[in-house]
>>> print(open('work-v4.txt').read())   # compact mmCIF, C-alpha atoms and all ligand atoms
# COMPACT_ATOMS: atom_id res chain seq x y z
CA MET R 18 -150.43 -235.51 -19.13
CA SER R 19 -153.53 -235.14 -21.23
CA ASN R 20 -154.12 -237.39 -24.19
CA LEU R 21 -153.57 -235.33 -27.28
CA PRO R 22 -154.65 -236.14 -30.81
CA SER R 23 -151.90 -237.01 -33.28
CA THR R 24 -153.10 -234.66 -36.01
CA MET R 25 -154.53 -231.15 -36.09
CA THR R 26 -155.97 -228.59 -38.48
CA GLY R 27 -154.01 -225.47 -39.44
CA ALA R 28 -154.56 -222.54 -41.82
CA ILE R 29 -152.19 -221.59 -44.65
CA LEU R 30 -152.40 -218.34 -46.63
CA PRO R 31 -151.64 -219.03 -50.32
CA GLY R 32 -151.51 -215.30 -51.13
CA ASN R 33 -154.57 -214.98 -53.34
CA SER R 34 -157.07 -213.72 -50.73
CA THR R 35 -158.05 -217.25 -49.73
CA VAL R 36 -157.27 -219.49 -46.78
CA GLU R 37 -156.42 -223.19 -47.02
CA LEU R 38 -157.10 -225.58 -44.15
CA ARG R 39 -154.70 -228.52 -43.98
CA GLN R 40 -153.98 -231.41 -41.64
CA PHE R 41 -150.69 -231.46 -39.70
CA ASP R 42 -149.07 -233.69 -37.14
CA VAL R 43 -149.39 -232.29 -33.62
CA PRO R 44 -145.80 -231.25 -32.80
CA VAL R 45 -143.84 -232.75 -29.93
CA PRO R 46 -141.98 -230.14 -27.84
CA GLY R 47 -138.22 -230.54 -27.75
CA ASN R 48 -135.74 -229.06 -25.32
CA GLY R 49 -136.88 -225.63 -24.06
CA GLU R 50 -140.12 -225.85 -26.00
CA VAL R 51 -143.79 -226.14 -25.05
CA LEU R 52 -146.90 -227.28 -26.88
CA ILE R 53 -149.77 -224.82 -26.52
CA ARG R 54 -153.47 -225.52 -27.01
CA VAL R 55 -154.39 -222.37 -28.94
CA LYS R 56 -157.38 -220.58 -27.40
CA SER R 57 -157.44 -217.29 -29.29
CA SER R 58 -155.56 -216.13 -32.37
CA THR R 59 -156.28 -212.66 -33.72
CA ILE R 60 -155.71 -211.35 -37.24
CA CYS R 61 -153.33 -208.44 -37.76
CA GLY R 62 -153.34 -205.71 -40.40
CA SER R 63 -149.88 -206.92 -41.41
CA ASP R 64 -151.27 -210.40 -42.18
CA ILE R 65 -153.66 -208.82 -44.67
CA ARG R 66 -151.13 -206.36 -46.09
CA ALA R 67 -148.16 -208.70 -46.55
CA ILE R 68 -149.56 -212.25 -46.77
CA TYR R 69 -153.29 -212.68 -47.37
CA ARG R 70 -153.76 -210.65 -50.55
CA GLU R 71 -150.34 -211.51 -51.93
CA HIS R 72 -146.99 -212.49 -50.51
CA LEU R 73 -145.39 -209.06 -50.52
CA GLY R 74 -143.10 -209.35 -47.56
CA LYS R 75 -139.33 -209.61 -47.63
CA GLY R 76 -136.92 -210.39 -44.79
CA PRO R 77 -138.79 -210.20 -41.47
CA GLU R 78 -142.08 -210.08 -43.40
CA GLY R 79 -141.19 -212.90 -45.78
CA TYR R 80 -143.91 -215.54 -45.41
CA GLN R 81 -142.56 -219.08 -45.64
CA GLY R 82 -145.84 -220.94 -46.26
CA VAL R 83 -146.18 -221.90 -42.59
CA ILE R 84 -149.35 -222.02 -40.46
CA ALA R 85 -150.48 -218.38 -40.25
CA GLY R 86 -151.23 -216.26 -37.19
CA HIS R 87 -148.74 -214.27 -35.12
CA GLU R 88 -151.05 -213.18 -32.31
CA PRO R 89 -151.63 -216.38 -30.32
CA SER R 90 -152.61 -217.00 -26.75
CA GLY R 91 -153.36 -220.36 -25.18
CA GLN R 92 -152.61 -222.94 -22.52
CA ILE R 93 -149.55 -225.14 -22.21
CA VAL R 94 -150.57 -228.79 -22.60
CA ARG R 95 -147.12 -230.35 -22.91
CA THR R 96 -143.81 -229.08 -21.56
CA GLY R 97 -140.60 -230.20 -23.20
CA PRO R 98 -137.45 -231.14 -21.28
CA GLY R 99 -135.24 -228.32 -20.03
CA CYS R 100 -137.98 -225.73 -19.47
CA ARG R 101 -137.08 -223.51 -16.53
CA ARG R 102 -140.19 -221.52 -15.65
CA PHE R 103 -143.33 -222.50 -17.54
CA LYS R 104 -145.27 -225.73 -17.05
CA ASP R 105 -148.38 -227.66 -18.11
CA GLY R 106 -151.56 -225.69 -17.42
CA ASP R 107 -149.95 -222.23 -17.60
CA ARG R 108 -151.94 -219.64 -19.57
CA VAL R 109 -149.59 -217.80 -21.89
CA ILE R 110 -149.15 -215.18 -24.58
CA VAL R 111 -146.56 -215.81 -27.29
CA TYR R 112 -144.27 -212.86 -28.10
CA HIS R 113 -144.55 -213.29 -31.81
CA ILE R 114 -140.94 -213.32 -32.89
CA SER R 115 -138.57 -216.00 -31.77
CA GLY R 116 -135.08 -214.51 -31.77
CA CYS R 117 -131.64 -216.04 -31.43
CA GLY R 118 -131.50 -214.92 -27.80
CA VAL R 119 -127.87 -213.83 -27.89
CA CYS R 120 -127.59 -210.85 -30.28
CA ASN R 121 -127.69 -207.32 -28.84
CA ASP R 122 -131.34 -206.77 -29.85
CA CYS R 123 -132.45 -210.04 -28.28
CA ARG R 124 -130.52 -209.20 -25.13
CA ARG R 125 -132.53 -205.96 -24.95
CA GLY R 126 -135.69 -208.05 -25.26
CA TYR R 127 -136.42 -206.77 -28.77
CA MET R 128 -136.52 -210.11 -30.59
CA ILE R 129 -138.48 -208.25 -33.27
CA SER R 130 -135.17 -206.82 -34.49
CA CYS R 131 -133.02 -209.90 -33.86
CA THR R 132 -130.08 -209.70 -36.26
CA SER R 133 -129.57 -213.43 -36.72
CA GLU R 134 -130.64 -214.48 -40.21
CA LYS R 135 -130.46 -218.09 -39.19
CA TYR R 136 -132.38 -218.04 -35.90
CA ARG R 137 -134.85 -215.14 -36.15
CA ARG R 138 -138.20 -216.67 -37.01
CA ALA R 139 -141.58 -215.06 -36.46
CA TYR R 140 -144.61 -217.18 -35.59
CA GLY R 141 -147.01 -217.19 -38.54
CA TRP R 142 -144.32 -215.90 -40.92
CA GLN R 143 -141.27 -218.16 -40.84
CA ARG R 144 -142.43 -220.73 -38.26
CA ASP R 145 -145.88 -222.18 -37.58
CA GLY R 146 -148.27 -219.71 -35.94
CA GLY R 147 -151.54 -219.66 -34.05
CA MET R 148 -154.17 -220.45 -36.69
CA ALA R 149 -154.20 -224.12 -35.66
CA ASP R 150 -155.39 -226.33 -32.83
CA TYR R 151 -151.91 -226.47 -31.33
CA LEU R 152 -148.76 -224.37 -31.48
CA LEU R 153 -145.17 -225.28 -30.74
CA ALA R 154 -143.39 -222.38 -29.00
CA GLU R 155 -140.10 -221.70 -27.30
CA GLU R 156 -140.33 -221.14 -23.56
CA LYS R 157 -138.25 -217.95 -23.81
CA ASP R 158 -140.95 -216.39 -26.06
CA LEU R 159 -143.74 -216.75 -23.48
CA VAL R 160 -145.43 -214.16 -21.29
CA LEU R 161 -147.59 -215.43 -18.41
CA LEU R 162 -151.21 -214.38 -18.83
CA PRO R 163 -152.75 -213.16 -15.54
CA ASP R 164 -155.92 -214.97 -14.43
CA GLN R 165 -157.91 -211.73 -14.68
CA LEU R 166 -157.32 -211.57 -18.44
CA SER R 167 -158.90 -213.82 -21.06
CA TYR R 168 -157.01 -215.58 -23.83
CA SER R 169 -158.50 -213.09 -26.28
CA ASP R 170 -157.05 -210.27 -24.16
CA GLY R 171 -153.75 -212.14 -24.40
CA ALA R 172 -153.90 -212.53 -28.18
CA GLN R 173 -154.40 -208.79 -28.48
CA VAL R 174 -151.32 -208.14 -26.35
CA ALA R 175 -149.15 -210.50 -28.45
CA CYS R 176 -148.83 -207.90 -31.19
CA GLY R 177 -151.17 -204.90 -31.31
CA PHE R 178 -151.45 -203.77 -27.68
CA GLY R 179 -147.79 -204.50 -27.05
CA THR R 180 -146.84 -202.38 -30.05
CA VAL R 181 -149.09 -199.54 -28.94
CA TYR R 182 -147.88 -199.60 -25.34
CA GLU R 183 -144.27 -199.34 -26.51
CA GLY R 184 -145.08 -196.33 -28.70
CA LEU R 185 -147.01 -194.58 -25.93
CA GLU R 186 -144.23 -195.22 -23.41
CA LYS R 187 -141.75 -193.67 -25.85
CA ILE R 188 -143.69 -190.41 -26.11
CA GLY R 189 -144.98 -190.58 -22.51
CA ILE R 190 -148.70 -190.11 -21.96
CA SER R 191 -150.15 -188.50 -18.84
CA GLY R 192 -153.14 -186.55 -17.62
CA ASN R 193 -151.58 -183.43 -19.16
CA ASP R 194 -151.98 -184.65 -22.70
CA ALA R 195 -154.46 -184.19 -25.47
CA VAL R 196 -153.78 -187.05 -27.90
CA LEU R 197 -154.46 -187.30 -31.61
CA VAL R 198 -154.78 -190.79 -33.11
CA THR R 199 -154.82 -191.05 -36.90
CA GLY R 200 -156.15 -194.38 -38.18
CA LEU R 201 -158.74 -196.15 -36.04
CA GLY R 202 -158.22 -199.76 -37.07
CA PRO R 203 -157.46 -202.20 -34.24
CA VAL R 204 -154.09 -200.54 -33.52
CA GLY R 205 -155.60 -197.04 -33.43
CA LEU R 206 -158.43 -198.20 -31.18
CA ALA R 207 -155.89 -199.84 -28.87
CA THR R 208 -153.94 -196.57 -28.83
CA ALA R 209 -157.02 -194.66 -27.71
CA MET R 210 -157.82 -197.27 -25.06
CA LEU R 211 -154.32 -197.30 -23.56
CA ALA R 212 -153.89 -193.51 -23.81
CA ARG R 213 -157.10 -193.13 -21.81
CA ALA R 214 -155.91 -195.63 -19.20
CA MET R 215 -152.63 -193.69 -18.93
CA GLY R 216 -154.59 -190.56 -18.12
CA ALA R 217 -155.17 -188.67 -21.37
CA PRO R 218 -158.33 -186.59 -20.80
CA LEU R 219 -158.84 -185.58 -24.45
CA ILE R 220 -158.49 -188.05 -27.31
CA ILE R 221 -159.21 -187.12 -30.92
CA GLY R 222 -159.38 -189.73 -33.69
CA THR R 223 -159.49 -189.68 -37.49
CA ASP R 224 -160.15 -192.40 -40.05
CA ILE R 225 -161.55 -192.81 -43.55
CA SER R 226 -164.04 -195.48 -42.43
CA ALA R 227 -167.34 -194.23 -41.01
CA SER R 228 -167.90 -197.52 -39.19
CA ARG R 229 -164.52 -197.28 -37.45
CA LEU R 230 -165.20 -193.66 -36.44
CA ALA R 231 -168.51 -194.77 -35.00
CA LEU R 232 -166.89 -197.64 -33.12
CA ALA R 233 -164.29 -195.32 -31.56
CA LYS R 234 -166.92 -192.78 -30.53
CA ASP R 235 -169.64 -195.18 -29.37
CA ARG R 236 -167.25 -197.08 -27.12
CA GLY R 237 -165.98 -193.88 -25.57
CA LEU R 238 -162.42 -194.52 -26.78
CA CYS R 239 -162.25 -191.14 -28.54
CA ASP R 240 -163.90 -187.92 -27.37
CA HIS R 241 -164.02 -186.50 -30.88
CA VAL R 242 -163.75 -188.26 -34.25
CA PHE R 243 -163.40 -186.78 -37.72
CA PRO R 244 -163.35 -188.28 -41.20
CA SER R 245 -159.81 -188.01 -42.58
CA SER R 246 -159.41 -184.77 -44.52
CA PRO R 247 -157.14 -181.74 -44.89
CA ASP R 248 -159.51 -180.02 -42.42
CA ASN R 249 -158.27 -182.21 -39.57
CA LEU R 250 -155.52 -179.76 -38.63
CA ALA R 251 -158.00 -176.94 -38.06
CA GLN R 252 -160.41 -179.29 -36.28
CA VAL R 253 -157.73 -180.44 -33.84
CA ARG R 254 -156.53 -176.91 -33.19
CA ALA R 255 -160.10 -175.77 -32.52
CA LEU R 256 -160.36 -178.38 -29.75
CA THR R 257 -157.02 -177.50 -28.16
CA GLY R 258 -157.11 -173.73 -27.67
CA GLY R 259 -155.55 -173.21 -31.08
CA ASN R 260 -152.31 -174.89 -29.94
CA GLY R 261 -152.68 -178.48 -31.11
CA VAL R 262 -152.28 -181.70 -29.11
CA GLU R 263 -149.33 -182.52 -26.86
CA LYS R 264 -148.99 -186.02 -28.32
CA ALA R 265 -149.96 -187.61 -31.65
CA VAL R 266 -149.81 -191.21 -32.84
CA ASP R 267 -150.12 -192.28 -36.45
CA CYS R 268 -151.63 -195.73 -36.91
CA SER R 269 -152.68 -195.23 -40.53
CA ALA R 270 -149.43 -195.11 -42.54
CA ASN R 271 -151.20 -192.54 -44.69
CA ALA R 272 -149.05 -189.60 -45.85
CA GLN R 273 -151.70 -186.94 -45.22
CA ALA R 274 -152.54 -188.36 -41.79
CA ARG R 275 -148.86 -188.43 -40.83
CA LEU R 276 -148.52 -184.79 -41.85
CA THR R 277 -151.62 -183.98 -39.79
CA CYS R 278 -149.99 -185.68 -36.79
CA ILE R 279 -146.88 -183.54 -37.19
CA GLN R 280 -148.67 -180.25 -37.81
CA ALA R 281 -151.47 -180.75 -35.28
CA THR R 282 -148.95 -181.30 -32.48
CA ARG R 283 -148.10 -178.18 -30.49
CA LYS R 284 -144.65 -176.76 -29.73
CA TRP R 285 -142.44 -179.19 -27.77
CA GLY R 286 -144.91 -181.98 -28.55
CA LYS R 287 -144.10 -185.59 -29.44
CA ILE R 288 -145.29 -187.66 -32.38
CA CYS R 289 -145.05 -191.42 -32.75
CA PHE R 290 -145.30 -193.33 -36.04
CA ILE R 291 -146.57 -196.88 -35.59
CA GLY R 292 -148.44 -197.53 -38.88
CA GLU R 293 -146.23 -199.44 -41.32
CA GLY R 294 -145.37 -198.69 -44.95
CA GLY R 295 -146.17 -195.69 -47.12
CA THR R 296 -144.41 -192.36 -47.04
CA VAL R 297 -144.71 -188.79 -45.73
CA SER R 298 -143.34 -185.41 -46.70
CA PHE R 299 -143.06 -182.35 -44.51
CA GLN R 300 -141.00 -179.20 -44.21
CA PRO R 301 -138.48 -179.77 -41.43
CA SER R 302 -138.04 -176.15 -40.40
CA PRO R 303 -141.62 -174.95 -39.93
CA ASP R 304 -143.07 -178.39 -39.17
CA ILE R 305 -140.67 -179.69 -36.52
CA ILE R 306 -137.43 -177.75 -36.00
CA HIS R 307 -138.80 -174.31 -35.13
CA ASP R 308 -141.50 -175.78 -32.92
CA GLN R 309 -139.06 -178.11 -31.11
CA LYS R 310 -141.05 -181.26 -31.91
CA THR R 311 -139.81 -184.84 -31.79
CA ILE R 312 -140.92 -187.67 -34.07
CA TYR R 313 -140.44 -191.24 -32.81
CA GLY R 314 -140.63 -194.46 -34.78
CA SER R 315 -141.70 -197.52 -32.84
CA TRP R 316 -141.66 -201.17 -33.93
CA VAL R 317 -143.42 -203.78 -31.79
CA THR R 318 -142.04 -203.98 -28.24
CA ASN R 319 -139.71 -205.91 -26.01
CA ILE R 320 -140.75 -208.90 -23.96
CA TRP R 321 -140.32 -207.33 -20.49
CA ARG R 322 -142.56 -204.46 -21.49
CA MET R 323 -145.15 -206.99 -22.61
CA GLU R 324 -145.00 -208.52 -19.12
CA GLU R 325 -145.38 -205.03 -17.66
CA LEU R 326 -148.36 -204.34 -19.91
CA VAL R 327 -150.35 -207.38 -18.79
CA GLU R 328 -149.84 -206.32 -15.17
CA ARG R 329 -150.99 -202.78 -15.99
CA LEU R 330 -154.06 -204.01 -17.88
CA VAL R 331 -155.21 -205.75 -14.70
CA ARG R 332 -154.46 -202.65 -12.61
CA TRP R 333 -156.30 -200.36 -15.02
CA ASN R 334 -159.15 -202.85 -15.29
CA ILE R 335 -159.29 -202.62 -19.08
CA ARG R 336 -159.90 -205.51 -21.43
CA PRO R 337 -158.38 -205.57 -24.91
CA GLU R 338 -160.87 -208.25 -25.95
CA THR R 339 -163.61 -205.61 -25.98
CA LEU R 340 -162.12 -204.41 -29.29
CA ILE R 341 -162.87 -207.80 -30.87
CA THR R 342 -166.02 -207.36 -32.92
CA ASN R 343 -166.08 -210.81 -34.56
CA ARG R 344 -165.11 -214.30 -33.37
CA PHE R 345 -164.90 -217.36 -35.61
CA PRO R 346 -164.11 -221.03 -35.02
CA LEU R 347 -161.13 -222.40 -36.96
CA ASP R 348 -163.29 -224.05 -39.62
CA GLN R 349 -164.61 -220.58 -40.54
CA VAL R 350 -161.17 -218.98 -40.70
CA SER R 351 -161.70 -217.95 -44.37
CA GLU R 352 -164.60 -215.78 -43.33
CA ALA R 353 -162.48 -214.22 -40.58
CA TYR R 354 -159.72 -213.11 -42.99
CA ARG R 355 -162.24 -211.92 -45.58
CA LEU R 356 -163.96 -209.70 -43.03
CA MET R 357 -160.66 -208.27 -41.75
CA ALA R 358 -159.53 -207.56 -45.35
CA GLU R 359 -162.73 -205.57 -45.94
CA GLY R 360 -161.89 -203.41 -42.93
CA ASN R 361 -165.38 -202.59 -41.70
CA CYS R 362 -164.83 -204.22 -38.33
CA GLY R 363 -162.83 -203.96 -35.14
CA LYS R 364 -160.49 -206.82 -34.31
CA VAL R 365 -161.24 -210.29 -35.69
CA ALA R 366 -160.34 -213.43 -33.73
CA VAL R 367 -160.22 -217.15 -34.41
CA VAL R 368 -161.13 -218.82 -31.13
CA PHE R 369 -161.28 -222.24 -29.48
CA ASP R 370 -162.93 -223.92 -26.49
CA GLU R 371 -164.10 -221.45 -23.80
CA GLU R 372 -163.29 -218.48 -26.06
CA LEU R 373 -166.01 -219.55 -28.50
CA LYS R 374 -168.91 -217.27 -27.65
ZN ZN A 401 -149.65 -208.24 -35.62
ZN ZN A 402 -131.16 -212.23 -31.79
>>> encode(input="work-v4.txt", output="structure tokens", more="lines below")
Ligand SMILES: [Zn+2]
Ligand SMILES: [Zn+2]
Amino acid sequence: MSNLPSTMTGAILPGNSTVELRQFDVPVPGNGEVLIRVKSSTICGSDIRAIYREHLGKGPEGYQGVIAGHEPSGQIVRTGPGCRRFKDGDRVIVYHISGCGVCNDCRRGYMISCTSEKYRRAYGWQRDGGMADYLLAEEKDLVLLPDQLSYSDGAQVACGFGTVYEGLEKIGISGNDAVLVTGLGPVGLATAMLARAMGAPLIIGTDISASRLALAKDRGLCDHVFPSSPDNLAQVRALTGGNGVEKAVDCSANAQARLTCIQATRKWGKICFIGEGGTVSFQPSPDIIHDQKTIYGSWVTNIWRMEELVERLVRWNIRPETLITNRFPLDQVSEAYRLMAEGNCGKVAVVFDEELK
């Protein structure tokens, strides 16, 4: 067993758009737990929305002043007693919500919606997360990271790519589909990347940020990009024989963009809402009922689908880490959150050891 330090640095988010670095004891794994050397820990839009600027979250998004970061990937350096599958040296992704394990949602693998008030604790929200040198995790929350993927690929799967894959599986993407993606932040870019891998030959993206539009276009993730506007409906129809796309995914949470998703989807098409918060209004009869459309909501994913996704990423030969535009060491974590809050970037990661590049 490697010699580990007794203390470590971790980042706390006080809720005033700053980050505080503090010293903590390195945790000792108990029964069914492992200690992970964090290698990559990415920042999520939800961290900015519900914690960094102010502590807005309630319930599952209630931040308890713990070490931040719910998108961690790393290597097990100490395995507690009673672990059944994982061991020292394993490269792992942490599914970011630890559930009770025995409620109906947990038994479906959706720990995200665990109904136990006492035992449901999300990493980086109600229990210590990945913005630290080490992370204590429960073995049941781990997904094995294939050797072909980097830790930064893994961190991206922990929340964003897992969430996107779930939404795309719900609406089903194939080579038949033109896909509209509204909102080209990290989740929207991941949507375009996975939709392409699943066969979509035509991907159209919209966003308010010129730099994000450019990123999506330059990297070949979207075939066409448009600044968000009421013209988007006509623009999408013009590219799809006047019919609209077969599938649309909203990653923006913006009311106008959601309406565009609904209206720019053709008859019998499917729409998925992934972006959190906000509102939308539409006219049920002309907008969905008469055109036989279905709207899906999708929240995170289940743990078996996350295992399936890492296998598929290897098969498709795609690398989520290519969406990371900025990497920072832990001592520059303030800069990482500030950049992500500004929004003129792709994904932002705090990285360690071999991931520092
Ligand atoms: Zn996240
Ligand atoms: Zn549960």
>>> residues_around(input="work-v4.txt", residues="R:Met25", least_positions_apart="5", cutoff="7 Å", atoms="only C-alpha atoms", output="PyMOL selection string")
chain R and resi 40-43+150
>>> atom_distance(input="work-v4.txt", atom1="atom CA of R:Gly147", atom2="atom CA of R:Lys56")
8.9 Å
>>> residues_near_ligand(input="work-v4.txt", ligand="ligand ZN 401 (chain A)", cutoff="10 Å", atoms="all atoms listed in the file", output="PyMOL selection string")
chain R and resi 59-65+86-89+113+141+172-180+203-204+317
>>> closest_residue(input="work-v4.txt", among="R:Tyr354, R:Gly258, R:Ser246, R:Ala233", to="R:Gly32", atoms="all atoms listed in the file")
R:Tyr354
>>> residues_near_ligand(input="work-v4.txt", ligand="ligand ZN 402 (chain A)", cutoff="12 Å", atoms="all atoms listed in the file", output="list in words")
Ile114, Ser115, Gly116, Cys117, Gly118, Val119, Cys120, Asn121, Asp122, Cys123, Arg124, Arg125, Gly126, Tyr127, Met128, Ile129, Ser130, Cys131, Thr132, Ser133, Glu134, Lys135, Tyr136, Arg137, Arg138 and Ala139 of chain R
>>> residues_around(input="work-v4.txt", residues="R:Arg102", least_positions_apart="4", cutoff="10 Å", atoms="only C-alpha atoms", output="PyMOL selection string")
chain R and resi 49+107+156-157+159+161
>>> write_last_selection(input="work-v4.txt", atoms="C-alpha atoms", output="mmCIF file, keeping the file's coordinate frame")
data_model
loop_
_atom_site.group_PDB
_atom_site.id
_atom_site.type_symbol
_atom_site.label_atom_id
_atom_site.label_comp_id
_atom_site.auth_asym_id
_atom_site.auth_seq_id
_atom_site.Cartn_x
_atom_site.Cartn_y
_atom_site.Cartn_z
ATOM 1 C CA GLY R 49 -136.880 -225.630 -24.060
ATOM 2 C CA ASP R 107 -149.950 -222.230 -17.600
ATOM 3 C CA GLU R 156 -140.330 -221.140 -23.560
ATOM 4 C CA LYS R 157 -138.250 -217.950 -23.810
ATOM 5 C CA LEU R 159 -143.740 -216.750 -23.480
ATOM 6 C CA LEU R 161 -147.590 -215.430 -18.410
#
>>> closest_residue(input="work-v4.txt", among="R:Gly91, R:Pro31, R:Pro77, R:Pro22", to="R:Asp170", atoms="only C-alpha atoms")
R:Gly91
>>> closest_residue(input="work-v4.txt", among="R:Val297, R:Ala67, R:Ile341, R:Leu219", to="R:Asn271", atoms="all atoms listed in the file")
R:Val297
>>> atom_distance(input="work-v4.txt", atom1="atom CA of R:Gly286", atom2="atom CA of R:Thr311")
6.7 Å
>>> closest_atom_pairs(input="work-v4.txt", of="stretch 291-352 of chain R", to="stretch 357-367 of chain R", cutoff="9 Å", atoms="all atoms listed in the file", output="tab-separated table")
residue	atom	partner	partner_atom	distance
R:Glu338	CA	R:Lys364	CA	8.5
R:Thr339	CA	R:Lys364	CA	9.0
R:Leu340	CA	R:Lys364	CA	5.8
R:Ile341	CA	R:Lys364	CA	4.3
R:Thr342	CA	R:Gly363	CA	5.2
R:Asn343	CA	R:Val365	CA	5.0
R:Arg344	CA	R:Ala366	CA	4.9
R:Phe345	CA	R:Val367	CA	4.8
R:Pro346	CA	R:Val367	CA	5.5
R:Leu347	CA	R:Val367	CA	5.9
R:Gln349	CA	R:Val367	CA	8.3
R:Val350	CA	R:Val367	CA	6.6
R:Glu352	CA	R:Met357	CA	8.6
>>> closest_residue(input="work-v4.txt", among="R:Asn193, R:Asp224, R:Arg332, R:Met210", to="R:Arg236", atoms="all atoms listed in the file")
R:Met210
>>> atom_distance(input="work-v4.txt", atom1="atom CA of R:Asn20", atom2="atom CA of R:Arg95")
10.0 Å
>>> residues_around(input="work-v4.txt", residues="R:Pro244", least_positions_apart="6", cutoff="9 Å", atoms="only C-alpha atoms", output="short mmCIF file (atom, residue, chain, number, x, y, z; two decimals) with C-alpha atoms, keeping the file's coordinate frame")
data_model
loop_
_atom_site.label_atom_id
_atom_site.label_comp_id
_atom_site.auth_asym_id
_atom_site.auth_seq_id
_atom_site.Cartn_x
_atom_site.Cartn_y
_atom_site.Cartn_z
CA GLY R 222 -159.38 -189.73 -33.69
CA THR R 223 -159.49 -189.68 -37.49
CA ASP R 224 -160.15 -192.40 -40.05
CA ILE R 225 -161.55 -192.81 -43.55
CA SER R 226 -164.04 -195.48 -42.43
CA ALA R 227 -167.34 -194.23 -41.01
CA LEU R 230 -165.20 -193.66 -36.44
#
>>> closest_residue(input="work-v4.txt", among="R:Ser169, R:Thr296, R:Gln81, R:Thr208", to="R:Arg144", atoms="only C-alpha atoms")
R:Gln81
>>> residues_near_point(input="work-v4.txt", point="(-141.1, -191.2, -30.0)", cutoff="9 Å", atoms="all atoms listed in the file", output="MDAnalysis selection string")
chainID R and resid 184:189 287:290 311:315
>>> closest_residue(input="work-v4.txt", among="R:Cys239, R:Ile29, R:Thr199, R:Tyr151", to="R:Arg275", atoms="all atoms listed in the file")
R:Thr199
>>> decode(input="work-v4.txt", residues="stretch 199-245 of chain R", atoms="C-alpha atoms", output="mmCIF file, in the first residue's frame")
data_model
loop_
_atom_site.group_PDB
_atom_site.id
_atom_site.type_symbol
_atom_site.label_atom_id
_atom_site.label_comp_id
_atom_site.auth_asym_id
_atom_site.auth_seq_id
_atom_site.Cartn_x
_atom_site.Cartn_y
_atom_site.Cartn_z
ATOM 1 C CA THR R 199 -30.321 24.120 -28.475
ATOM 2 C CA GLY R 200 -27.633 25.360 -26.086
ATOM 3 C CA LEU R 201 -24.032 24.513 -26.937
ATOM 4 C CA GLY R 202 -22.416 24.606 -23.514
ATOM 5 C CA PRO R 203 -20.576 21.441 -22.468
ATOM 6 C CA VAL R 204 -23.825 19.422 -22.328
ATOM 7 C CA GLY R 205 -24.945 20.606 -25.773
ATOM 8 C CA LEU R 206 -21.519 19.877 -27.258
ATOM 9 C CA ALA R 207 -21.621 16.407 -25.705
ATOM 10 C CA THR R 208 -25.079 15.916 -27.223
ATOM 11 C CA ALA R 209 -23.765 16.737 -30.682
ATOM 12 C CA MET R 210 -20.755 14.459 -30.205
ATOM 13 C CA LEU R 211 -22.797 11.455 -29.055
ATOM 14 C CA ALA R 212 -25.585 12.027 -31.601
ATOM 15 C CA ARG R 213 -22.943 11.930 -34.336
ATOM 16 C CA ALA R 214 -21.445 8.732 -32.935
ATOM 17 C CA MET R 215 -24.935 7.192 -32.869
ATOM 18 C CA GLY R 216 -25.284 7.922 -36.570
ATOM 19 C CA ALA R 217 -27.026 11.285 -36.938
ATOM 20 C CA PRO R 218 -25.927 12.651 -40.332
ATOM 21 C CA LEU R 219 -27.274 16.192 -39.832
ATOM 22 C CA ILE R 220 -26.792 18.106 -36.585
ATOM 23 C CA ILE R 221 -27.934 21.701 -36.152
ATOM 24 C CA GLY R 222 -26.966 23.776 -33.099
ATOM 25 C CA THR R 223 -28.037 27.102 -31.614
ATOM 26 C CA ASP R 224 -26.585 29.222 -28.817
ATOM 27 C CA ILE R 225 -26.354 32.849 -27.749
ATOM 28 C CA SER R 226 -22.549 32.700 -27.445
ATOM 29 C CA ALA R 227 -20.567 33.280 -30.641
ATOM 30 C CA SER R 228 -17.545 31.482 -29.186
ATOM 31 C CA ARG R 229 -19.600 28.378 -28.396
ATOM 32 C CA LEU R 230 -21.114 28.390 -31.899
ATOM 33 C CA ALA R 231 -17.624 28.595 -33.325
ATOM 34 C CA LEU R 232 -16.402 25.754 -31.119
ATOM 35 C CA ALA R 233 -19.278 23.497 -32.226
ATOM 36 C CA LYS R 234 -18.707 24.273 -35.899
ATOM 37 C CA ASP R 235 -14.900 24.241 -35.932
ATOM 38 C CA ARG R 236 -14.744 20.855 -34.233
ATOM 39 C CA GLY R 237 -17.229 19.378 -36.660
ATOM 40 C CA LEU R 238 -19.715 18.590 -33.884
ATOM 41 C CA CYS R 239 -22.505 20.530 -35.622
ATOM 42 C CA ASP R 240 -23.028 20.809 -39.379
ATOM 43 C CA HIS R 241 -24.873 24.107 -39.051
ATOM 44 C CA VAL R 242 -24.942 26.608 -36.182
ATOM 45 C CA PHE R 243 -27.151 29.646 -35.669
ATOM 46 C CA PRO R 244 -27.247 32.393 -33.060
ATOM 47 C CA SER R 245 -30.358 31.890 -30.910
#
